Amino acid sequence: MALLSWHSGLVSSTPYDADDDTLDPDSTGAGWQPLIDRPGYEQWWDGAQFRGRAHREPDPFSAFTPDIARSLRPGPNRAAHIARLGIVAILLGFALQTLVATDTVTVPGVAQITLVVATLVISAAIGIGTAVAAAMALRAAPRLGGRAIASIALGVSILLGLAPVLLLVAIGLAGGV
């Protein structure tokens with residue numbers, strides 16, 4: 001068995017060969033590593049053990065390089081999983097804000113401005129939660145992966161998710177509704 005490495009092309013389900021005195025067992029850092037018992041699959045290696053579930057190796061002919069495709073996976077990084085869900089929640093909240101603001105969605109007996117403010121509060125809470133999860137995911141990314149998806153989540157939360165916070169502050173400074 002040989003050291004797991006993308007460059008060497010050698011595949012092993014252990015990070016190093018115990019019989020090879022030239023290899024340093026601590027030199028294999030965290031990252032996606034191929035699985036010998038499942039050709040075409042790889043799993044997150046945290047430097048000591050495999051974590052999370054196995055994924056198909058990225059297609060070398062896809063629009064993204066294999067390294068970018070791997071960094072879009074949250075891996076075992078739970079905060080990155082939450083941040084990825086936060087992206088979906090922010091987009092749904094943004095769509096709901098649009099529907100409420102254009103009077104497409106109305107609730108009988110509730111003033112339209114109340115619905116608008118309610119959707120802003122919900123979207124602001126989702127945006128703040130996603131930003132916090134993305135920041136935590138970025139902090140853990142060197143050990144657990146998921147740097148790209150956490151960066152995207154942080155950008156989406158700032159652009160679309162935290163904009164309602166500014167609107168709520170503006171409404172409050174203007175004397176409310």
# chains A, B, ... in the order shown; residues from 1 in each chain; ligands from 1
>>> select_by_dssp(residues="chain A", states="strand (DSSP E or B)", output="PDB file with C-alpha atoms, in the first residue's frame")
ATOM      1  CA  GLY A  31      -8.673  16.039   2.121  1.00  0.00           C
ATOM      2  CA  TRP A  32     -10.650  13.891  -0.293  1.00  0.00           C
ATOM      3  CA  GLN A  33      -8.926  10.573  -0.855  1.00  0.00           C
ATOM      4  CA  PRO A  34      -9.809   7.684  -3.211  1.00  0.00           C
ATOM      5  CA  TYR A  41     -15.318   6.795  -5.078  1.00  0.00           C
ATOM      6  CA  GLU A  42     -13.573   8.992  -2.571  1.00  0.00           C
ATOM      7  CA  GLN A  43     -14.118   9.927   1.049  1.00  0.00           C
ATOM      8  CA  TRP A  44     -12.945  12.689   3.380  1.00  0.00           C
ATOM      9  CA  TRP A  45      -9.701  11.800   5.163  1.00  0.00           C
ATOM     10  CA  PHE A  50     -12.096   8.461   6.960  1.00  0.00           C
ATOM     11  CA  ARG A  51     -15.171  10.521   7.856  1.00  0.00           C
ATOM     12  CA  GLY A  52     -18.562  11.089   6.302  1.00  0.00           C
ATOM     13  CA  ARG A  53     -19.959   9.141   3.400  1.00  0.00           C
ATOM     14  CA  ALA A  54     -18.226   8.212   0.170  1.00  0.00           C
ATOM     15  CA  HIS A  55     -18.830  10.295  -2.973  1.00  0.00           C
ATOM     16  CA  ARG A  56     -18.182   9.604  -6.632  1.00  0.00           C
TER      17      ARG A  56
END
>>> select_by_dssp(residues="chain A", states="helix (DSSP H, G or I)", output="ChimeraX atom specification")
/A:25-27,66-71,78-101,112-144,147-161,163-173
>>> closest_residue(among="A:Arg143, A:Arg78, A:Arg70, A:Arg84", to="Ala30 in chain A", atoms="only C-alpha atoms")
A:Arg143
>>> residues_around(residues="Phe94 in chain A", least_positions_apart="6", cutoff="12 Å", atoms="only C-alpha atoms", output="list in words")
Gly86, Ile87, Val88, Val100, Ala101, Val116, Thr119, Leu120, Val121, Ile122, Ser123, Ala124, Ile126, Gly127, Val156, Ser157, Leu159, Leu160, Gly161, Leu162, Ala163 and Pro164 of chain A
>>> residues_around(residues="Pro58 in chain A", least_positions_apart="5", cutoff="10 Å", atoms="only C-alpha atoms", output="MDAnalysis selection string")
chainID A and resid 40:42 64:70
>>> closest_residue(among="A:Ala134, A:Val117, A:Pro108, A:Arg147", to="Leu166 in chain A", atoms="only C-alpha atoms")
A:Val117
>>> atom_distance(atom1="CA of Gly175 in chain A", atom2="CA of Leu92 in chain A")
28.6 Å
>>> atom_distance(atom1="CA of Thr130 in chain A", atom2="CA of Leu99 in chain A")
22.0 Å
>>> closest_residue(among="A:Leu168, A:Ala125, A:Ala79, A:Val107", to="Gly93 in chain A", atoms="only C-alpha atoms")
A:Ala125
